[in-house]
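J.: Provided herewith: structure06.cif, mmCIF, C-alpha atoms.
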data_upload
#
loop_
_atom_site.label_atom_id
_atom_site.label_comp_id
_atom_site.auth_asym_id
_atom_site.auth_seq_id
_atom_site.Cartn_x
_atom_site.Cartn_y
_atom_site.Cartn_z
CA GLN A 1 165.76 103.85 184.20
CA GLN A 2 166.50 102.71 187.72
CA GLN A 3 163.87 100.28 188.95
CA VAL A 4 164.99 100.50 192.56
CA LYS A 5 165.62 103.95 194.03
CA GLN A 6 167.66 104.16 197.22
CA SER A 7 168.17 107.06 199.59
CA PRO A 8 170.13 108.68 201.09
CA GLN A 9 173.39 108.35 199.15
CA SER A 10 175.35 108.82 202.34
CA LEU A 11 174.49 108.79 206.02
CA ILE A 12 176.41 109.74 209.14
CA VAL A 13 175.15 108.47 212.48
CA GLN A 14 176.52 108.63 216.00
CA LYS A 15 177.35 105.40 217.80
CA GLY A 16 174.24 104.05 219.45
CA GLY A 17 171.91 105.85 217.08
CA ILE A 18 169.46 104.46 214.54
CA SER A 19 170.42 104.28 210.87
CA ILE A 20 167.58 104.30 208.36
CA ILE A 21 167.95 103.62 204.64
CA ASN A 22 164.99 103.75 202.28
CA CYS A 23 164.22 102.10 198.97
CA ALA A 24 161.35 102.38 196.54
CA TYR A 25 160.54 100.11 193.62
CA GLU A 26 158.33 100.28 190.59
CA ASN A 27 157.84 96.75 189.35
CA THR A 28 155.00 95.00 191.18
CA ALA A 29 156.35 91.65 189.96
CA PHE A 30 159.25 91.88 192.41
CA ASP A 31 158.82 89.14 195.00
CA TYR A 32 161.95 89.19 197.15
CA PHE A 33 163.78 92.12 198.71
CA PRO A 34 167.29 91.54 200.10
CA TRP A 35 169.71 93.98 201.64
CA TYR A 36 173.43 93.64 201.11
CA GLN A 37 176.32 95.03 203.15
CA GLN A 38 179.64 95.77 201.48
CA PHE A 39 182.95 96.65 203.08
CA PRO A 40 185.73 98.31 201.04
CA GLY A 41 187.53 95.84 198.80
CA LYS A 42 184.98 93.09 199.41
CA GLY A 43 182.00 91.72 197.59
CA PRO A 44 178.45 92.50 198.78
CA ALA A 45 177.26 90.13 201.49
CA LEU A 46 173.63 89.25 202.15
CA LEU A 47 172.50 90.94 205.36
CA ILE A 48 168.76 90.37 205.65
CA ALA A 49 165.87 89.79 203.26
CA ILE A 50 162.09 89.94 203.21
CA ARG A 51 159.22 88.67 201.09
CA PRO A 52 156.19 90.89 200.40
CA ASP A 53 153.79 88.76 202.44
CA VAL A 54 155.21 90.19 205.69
CA SER A 55 155.50 93.81 206.80
CA GLU A 56 158.54 93.50 209.03
CA LYS A 57 161.50 91.20 209.61
CA LYS A 58 164.02 91.54 212.39
CA GLU A 59 167.40 89.88 212.80
CA GLY A 60 169.38 91.16 215.75
CA ARG A 61 169.91 94.90 215.35
CA PHE A 62 168.74 94.88 211.73
CA THR A 63 165.08 95.30 210.75
CA ILE A 64 163.40 95.51 207.36
CA SER A 65 160.09 97.35 207.17
CA PHE A 66 158.03 96.67 204.07
CA ASN A 67 155.07 98.68 202.73
CA LYS A 68 153.60 96.84 199.77
CA SER A 69 150.95 99.43 198.91
CA ALA A 70 153.52 102.21 198.80
CA LYS A 71 156.11 99.98 197.08
CA GLN A 72 158.70 100.98 199.64
CA PHE A 73 160.97 99.16 202.04
CA SER A 74 163.57 100.30 204.50
CA LEU A 75 166.46 99.03 206.58
CA HIS A 76 166.75 100.09 210.20
CA ILE A 77 169.99 99.51 212.10
CA MET A 78 169.43 99.89 215.82
CA ASP A 79 172.25 100.79 218.22
CA SER A 80 174.54 101.54 215.27
CA GLN A 81 178.20 100.66 215.82
CA PRO A 82 181.40 101.85 214.09
CA GLY A 83 181.74 98.32 212.71
CA ASP A 84 178.49 98.87 210.79
CA SER A 85 180.25 101.51 208.66
CA ALA A 86 179.89 100.14 205.14
CA THR A 87 177.92 100.59 201.95
CA TYR A 88 174.42 99.13 201.96
CA PHE A 89 172.48 98.09 198.88
CA CYS A 90 168.84 97.25 198.64
CA ALA A 91 167.69 94.95 195.88
CA ALA A 92 164.51 93.56 194.41
CA ARG A 93 164.07 90.32 192.53
CA GLY A 94 161.46 89.48 189.94
CA GLY A 95 161.77 86.11 188.22
CA GLY A 96 165.46 85.61 187.64
CA ASP A 97 166.22 89.31 187.49
CA MET A 98 167.73 91.10 190.50
CA ARG A 99 167.80 94.91 190.46
CA PHE A 100 169.92 96.91 192.88
CA GLY A 101 169.68 100.36 194.39
CA ALA A 102 172.61 102.73 193.95
CA GLY A 103 173.85 102.20 197.49
CA THR A 104 174.14 104.15 200.75
CA ARG A 105 177.48 104.80 202.38
CA LEU A 106 176.95 104.62 206.14
CA THR A 107 179.47 106.11 208.56
CA VAL A 108 178.98 105.50 212.27
CA LYS A 109 181.00 107.92 214.38
CA PRO A 110 182.35 106.73 217.73
CA ASP B 111 181.44 82.45 201.75
CA ALA B 112 179.83 80.67 198.80
CA GLY B 113 183.07 79.17 197.50
CA ILE B 114 183.54 81.76 194.76
CA THR B 115 186.92 82.95 193.55
CA GLN B 116 187.66 85.51 190.88
CA SER B 117 190.84 86.04 188.89
CA PRO B 118 192.62 88.25 188.41
CA ARG B 119 191.73 90.46 191.38
CA HIS B 120 193.25 93.52 189.76
CA LYS B 121 194.06 94.29 186.15
CA VAL B 122 195.29 97.30 184.19
CA THR B 123 194.95 97.14 180.43
CA GLU B 124 194.94 99.41 177.42
CA THR B 125 192.03 100.45 175.24
CA GLY B 126 191.43 98.01 172.42
CA THR B 127 192.94 94.96 174.06
CA PRO B 128 190.92 91.83 174.88
CA VAL B 129 190.43 90.97 178.53
CA THR B 130 189.04 87.81 180.13
CA LEU B 131 187.92 87.58 183.73
CA ARG B 132 187.35 84.23 185.40
CA CYS B 133 184.86 83.18 188.04
CA HIS B 134 185.29 79.80 189.69
CA GLN B 135 182.86 78.14 192.10
CA THR B 136 183.31 74.98 194.11
CA GLU B 137 179.72 74.15 195.09
CA ASN B 138 178.19 73.08 191.76
CA HIS B 139 175.59 75.87 191.56
CA ARG B 140 173.59 76.04 188.37
CA TYR B 141 173.14 79.82 188.14
CA MET B 142 176.10 82.20 187.82
CA TYR B 143 176.12 85.94 187.17
CA TRP B 144 178.45 88.75 186.16
CA TYR B 145 177.81 92.25 187.49
CA ARG B 146 179.64 95.52 187.23
CA GLN B 147 179.67 98.04 190.05
CA ASP B 148 180.04 101.75 189.42
CA PRO B 149 179.50 104.73 191.73
CA GLY B 150 175.91 105.94 191.59
CA HIS B 151 174.70 102.83 189.77
CA GLY B 152 174.91 100.07 192.31
CA LEU B 153 175.33 96.66 190.70
CA ARG B 154 174.18 96.06 187.14
CA LEU B 155 173.81 92.66 185.56
CA ILE B 156 175.98 92.02 182.50
CA HIS B 157 175.28 88.37 181.66
CA TYR B 158 174.16 85.30 183.49
CA SER B 159 174.27 81.55 182.99
CA TYR B 160 171.71 78.91 183.93
CA GLY B 161 173.83 75.91 182.98
CA VAL B 162 176.76 74.71 180.90
CA LYS B 163 176.65 76.49 177.55
CA ASP B 164 173.40 78.25 178.59
CA THR B 165 173.78 82.01 178.94
CA ASP B 166 171.67 85.12 178.52
CA LYS B 167 172.09 88.87 178.43
CA GLY B 168 171.55 91.23 181.33
CA GLU B 169 170.93 94.94 181.63
CA VAL B 170 174.35 96.13 180.34
CA SER B 171 175.62 93.39 178.01
CA ASP B 172 176.94 95.51 175.11
CA GLY B 173 180.70 95.02 174.67
CA TYR B 174 180.80 91.84 176.76
CA SER B 175 180.59 88.15 176.00
CA VAL B 176 180.55 85.14 178.31
CA SER B 177 181.22 81.44 178.16
CA ARG B 178 180.54 78.51 180.42
CA SER B 179 182.10 75.26 179.25
CA LYS B 180 181.91 73.58 182.66
CA THR B 181 179.75 74.08 185.73
CA GLU B 182 182.45 75.55 187.92
CA ASP B 183 183.78 78.24 185.57
CA PHE B 184 182.09 81.32 184.11
CA LEU B 185 184.25 83.58 181.94
CA LEU B 186 183.59 87.20 181.07
CA THR B 187 185.36 88.61 178.00
CA LEU B 188 185.76 92.18 176.92
CA GLU B 189 186.57 91.72 173.23
CA SER B 190 188.08 95.20 172.84
CA ALA B 191 188.28 97.04 176.14
CA THR B 192 187.16 100.66 176.36
CA SER B 193 187.65 103.23 179.12
CA SER B 194 183.93 103.04 179.91
CA GLN B 195 184.49 99.44 180.99
CA THR B 196 186.71 100.55 183.85
CA SER B 197 184.81 99.16 186.79
CA VAL B 198 184.72 96.59 189.54
CA TYR B 199 183.35 93.28 188.30
CA PHE B 200 181.60 90.84 190.59
CA CYS B 201 180.65 87.26 189.96
CA ALA B 202 177.72 85.79 191.86
CA ILE B 203 176.02 82.46 192.29
CA SER B 204 172.43 81.76 193.22
CA ARG B 205 171.81 79.53 196.20
CA GLY B 206 168.65 78.52 197.98
CA LEU B 207 168.11 79.87 201.49
CA ALA B 208 164.97 78.89 203.37
CA GLY B 209 163.30 78.04 200.08
CA VAL B 210 164.31 81.27 198.38
CA GLU B 211 167.03 81.57 195.78
CA THR B 212 169.33 84.45 196.56
CA GLN B 213 172.64 85.64 195.25
CA TYR B 214 176.07 85.43 196.86
CA PHE B 215 178.99 87.42 195.53
CA GLY B 216 182.67 86.80 194.93
CA PRO B 217 185.43 89.19 196.04
CA GLY B 218 185.49 91.20 192.80
CA THR B 219 187.96 92.14 190.06
CA ARG B 220 189.06 95.74 189.77
CA LEU B 221 189.67 96.58 186.09
CA LEU B 222 191.29 99.77 184.84
CA VAL B 223 191.26 100.47 181.10
CA LEU B 224 193.71 103.19 180.10
#
Any chance you could put this one into structure tokens?
T.:
Amino acid sequence: QQQVKQSPQSLIVQKGGISIINCAYENTAFDYFPWYQQFPGKGPALLIAIRPDVSEKKEGRFTISFNKSAKQFSLHIMDSQPGDSATYFCAARGGGDMRFGAGTRLTVKP
Amino acid sequence: DAGITQSPRHKVTETGTPVTLRCHQTENHRYMYWYRQDPGHGLRLIHYSYGVKDTDKGEVSDGYSVSRSKTEDFLLTLESATSSQTSVYFCAISRGLAGVETQYFGPGTRLLVL
């Protein structure tokens, strides 16, 4: 039973466009929601994270939107660039337990 | 870079053989984790450690054991490897960032069980 559901599985966006990846969770005890970026052959790297007491967090071109009542959160990548092509994972932490979504492979076409 | 190294980076082995993967950290973090990554499943926790000789099971611990005899090293052992354990294995540490503990990952070990 996957506690964090991520969509879409894959996403193709034109350079300069907006990439949107969505996640939904079930466990209301989750208290921290990070996003990770992974390039081929590398480990996942922390990209941006949010706590449930805020509805939005922005860092450069990356924004997390958080809807606590709907138990959903999303990653928006503005002005997407070919260098953003990677796999993105959402995650949710409750206590010491971190649960990950299945991942979204993003391709940004030049 | 959280000062994490994993060895070996690649390994091919045969079904039924024992395999040990090593995670080494240089920053004296208390918490260490082993995950496996498979297509369609994201990352799933195998075991974790909260101190020397202190370990606990994760979501997919069957067929795996771990040991931590010193702070800097966390070993993952497949006692008798099976083809279903073909995967990419990631070690992680937990580090505080702005008052929140979050996880940082090593480069991974790609394991193929024939």
J.: Find the residues around Glu124 in chain B up to 9 Å (only C-alpha atoms counted), leave out those fewer than 6 positions away in its own chain, and share them as a list in words.
T.: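 Counting only the stated atoms, we get Ala191, Thr192, Ser193, Leu222, Val223 and Leu224 of chain B.
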J.: Restricting the calculation to all atoms listed in the file, which member of B:Gly218, B:Gly113, B:Glu169, B:Glu211 is positioned closest to Pro34 in chain A?
T.: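 Among B:Gly218, B:Gly113, B:Glu169, B:Glu211, it is B:Glu211 that comes nearest to Pro34 in chain A.
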J.: Using Å and a single decimal, report how far CA of Thr165 in chain B sits from CA of Gln6 in chain A.
T.: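 Separation between CA of Gln6 in chain A and CA of Thr165 in chain B: 29.4 Å.
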J.: Which residues of chain A come within 9 Å of chain B, and for each one, what is the closest pair of atoms and their distance in Å to one decimal, counting all atoms listed in the file, sorted by chain and residue number, as a tab-separated table?
T.:
residue	atom	partner	partner_atom	distance
A:Gln2	CA	B:His151	CA	8.5
A:Gln9	CA	B:Gly150	CA	8.3
A:Tyr32	CA	B:Val210	CA	8.4
A:Pro34	CA	B:Thr212	CA	8.2
A:Gly41	CA	B:Pro217	CA	7.5
A:Lys42	CA	B:Pro217	CA	5.2
A:Gly43	CA	B:Pro217	CA	4.5
A:Pro44	CA	B:Phe215	CA	6.1
A:Ala45	CA	B:Tyr214	CA	6.7
A:Leu46	CA	B:Tyr214	CA	7.0
A:Phe89	CA	B:Gly152	CA	7.3
A:Arg93	CA	B:Thr212	CA	8.9
A:Asp97	CA	B:Gly168	CA	8.4
A:Met98	CA	B:Leu155	CA	8.0
A:Arg99	CA	B:Arg154	CA	7.3
A:Phe100	CA	B:Leu153	CA	5.8
A:Gly101	CA	B:Gly152	CA	5.6
A:Ala102	CA	B:Gly152	CA	3.9
A:Gly103	CA	B:Gly152	CA	5.7
J.: Only C-alpha atoms, please: the residues just picked out, written as an mmCIF file, keeping the file's coordinate frame.
T.:
data_model
loop_
_atom_site.group_PDB
_atom_site.id
_atom_site.type_symbol
_atom_site.label_atom_id
_atom_site.label_comp_id
_atom_site.auth_asym_id
_atom_site.auth_seq_id
_atom_site.Cartn_x
_atom_site.Cartn_y
_atom_site.Cartn_z
ATOM 1 C CA GLN A 2 166.500 102.710 187.720
ATOM 2 C CA GLN A 9 173.390 108.350 199.150
ATOM 3 C CA TYR A 32 161.950 89.190 197.150
ATOM 4 C CA PRO A 34 167.290 91.540 200.100
ATOM 5 C CA GLY A 41 187.530 95.840 198.800
ATOM 6 C CA LYS A 42 184.980 93.090 199.410
ATOM 7 C CA GLY A 43 182.000 91.720 197.590
ATOM 8 C CA PRO A 44 178.450 92.500 198.780
ATOM 9 C CA ALA A 45 177.260 90.130 201.490
ATOM 10 C CA LEU A 46 173.630 89.250 202.150
ATOM 11 C CA PHE A 89 172.480 98.090 198.880
ATOM 12 C CA ARG A 93 164.070 90.320 192.530
ATOM 13 C CA ASP A 97 166.220 89.310 187.490
ATOM 14 C CA MET A 98 167.730 91.100 190.500
ATOM 15 C CA ARG A 99 167.800 94.910 190.460
ATOM 16 C CA PHE A 100 169.920 96.910 192.880
ATOM 17 C CA GLY A 101 169.680 100.360 194.390
ATOM 18 C CA ALA A 102 172.610 102.730 193.950
ATOM 19 C CA GLY A 103 173.850 102.200 197.490
#
J.: Rounded to one decimal in Å, what is the spacing between CA of Phe30 in chain A and CA of Met142 in chain B?
T.: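 Distance reported for this atom pair: 20.0 Å.
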J.: Work out how far apart CA of Glu182 in chain B and CA of Ala91 in chain A are and give it in Å to one decimal.
T.: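 The value is 25.6 Å.
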J.: Given the file shown, determine the residues that the PyMOL selection byres ((chain A and resi 18) around 12) selects; report them as a JSON list (two decimals) with C-alpha atoms, in the frame of the given file.
T.:
[["chain", "number", "residue", "atom", "x", "y", "z"],
["A", 11, "LEU", "CA", 174.49, 108.79, 206.02],
["A", 12, "ILE", "CA", 176.41, 109.74, 209.14],
["A", 13, "VAL", "CA", 175.15, 108.47, 212.48],
["A", 14, "GLN", "CA", 176.52, 108.63, 216.00],
["A", 15, "LYS", "CA", 177.35, 105.40, 217.80],
["A", 16, "GLY", "CA", 174.24, 104.05, 219.45],
["A", 17, "GLY", "CA", 171.91, 105.85, 217.08],
["A", 19, "SER", "CA", 170.42, 104.28, 210.87],
["A", 20, "ILE", "CA", 167.58, 104.30, 208.36],
["A", 21, "ILE", "CA", 167.95, 103.62, 204.64],
["A", 61, "ARG", "CA", 169.91, 94.90, 215.35],
["A", 62, "PHE", "CA", 168.74, 94.88, 211.73],
["A", 63, "THR", "CA", 165.08, 95.30, 210.75],
["A", 75, "LEU", "CA", 166.46, 99.03, 206.58],
["A", 76, "HIS", "CA", 166.75, 100.09, 210.20],
["A", 77, "ILE", "CA", 169.99, 99.51, 212.10],
["A", 78, "MET", "CA", 169.43, 99.89, 215.82],
["A", 79, "ASP", "CA", 172.25, 100.79, 218.22],
["A", 80, "SER", "CA", 174.54, 101.54, 215.27],
["A", 81, "GLN", "CA", 178.20, 100.66, 215.82],
["A", 84, "ASP", "CA", 178.49, 98.87, 210.79],
["A", 106, "LEU", "CA", 176.95, 104.62, 206.14],
["A", 107, "THR", "CA", 179.47, 106.11, 208.56],
["A", 108, "VAL", "CA", 178.98, 105.50, 212.27]]
J.: Which residues come within 9 Å of range 25-28 of chain A, counting only C-alpha atoms, excluding same-chain residues fewer than 5 positions away, as a ChimeraX atom specification?
T.: /A:2-6,68,70-73,92,94
J.: Taking the file above as input, evaluate the PyMOL selection byres ((chain B and resi 135) around 9) and report the hits as a PDB file with C-alpha atoms, in the coordinates of the input.
T.:
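Saved file out-v9.pdb follows:
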ATOM      1  CA  ALA B 112     179.830  80.670 198.800  1.00  0.00           C
ATOM      2  CA  GLY B 113     183.070  79.170 197.500  1.00  0.00           C
ATOM      3  CA  ILE B 114     183.540  81.760 194.760  1.00  0.00           C
ATOM      4  CA  THR B 115     186.920  82.950 193.550  1.00  0.00           C
ATOM      5  CA  GLN B 116     187.660  85.510 190.880  1.00  0.00           C
ATOM      6  CA  CYS B 133     184.860  83.180 188.040  1.00  0.00           C
ATOM      7  CA  HIS B 134     185.290  79.800 189.690  1.00  0.00           C
ATOM      8  CA  THR B 136     183.310  74.980 194.110  1.00  0.00           C
ATOM      9  CA  GLU B 137     179.720  74.150 195.090  1.00  0.00           C
ATOM     10  CA  ASN B 138     178.190  73.080 191.760  1.00  0.00           C
ATOM     11  CA  HIS B 139     175.590  75.870 191.560  1.00  0.00           C
ATOM     12  CA  MET B 142     176.100  82.200 187.820  1.00  0.00           C
ATOM     13  CA  THR B 181     179.750  74.080 185.730  1.00  0.00           C
ATOM     14  CA  GLU B 182     182.450  75.550 187.920  1.00  0.00           C
ATOM     15  CA  ASP B 183     183.780  78.240 185.570  1.00  0.00           C
ATOM     16  CA  PHE B 184     182.090  81.320 184.110  1.00  0.00           C
ATOM     17  CA  ILE B 203     176.020  82.460 192.290  1.00  0.00           C
TER      18      ILE B 203
END
J.: Starting from the PyMOL selection byres ((chain A and resi 87) around 7), expand the selection into actual residues of this file and give them as an MDAnalysis selection string.
T.: chainID A and resid 37:39 86 88:89 103:106
J.: Return the single residue from A:Pro110, A:Gly60, A:Gly95, A:Ser55 that is closest to Ser74 in chain A, with distances computed using all atoms listed in the file.
T.: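 Nearest candidate to Ser74 in chain A out of A:Pro110, A:Gly60, A:Gly95, A:Ser55: A:Ser55.
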J.: Rank B:Ser197, B:Asp172, B:Leu221, B:Asp166 by their smallest atom-to-atom distance to Arg146 in chain B, using all atoms listed in the file, and report the top residue only.
T.: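 Checking each of B:Ser197, B:Asp172, B:Leu221, B:Asp166 against Arg146 in chain B, counting all atoms listed in the file, the winner is B:Ser197.
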J.: Nearest to Ser177 in chain B: which of B:Arg140, B:Lys121, B:Arg205, B:His157 is it, counting all atoms listed in the file?
T.: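 Ranked by minimum distance to Ser177 in chain B, first place goes to B:His157.
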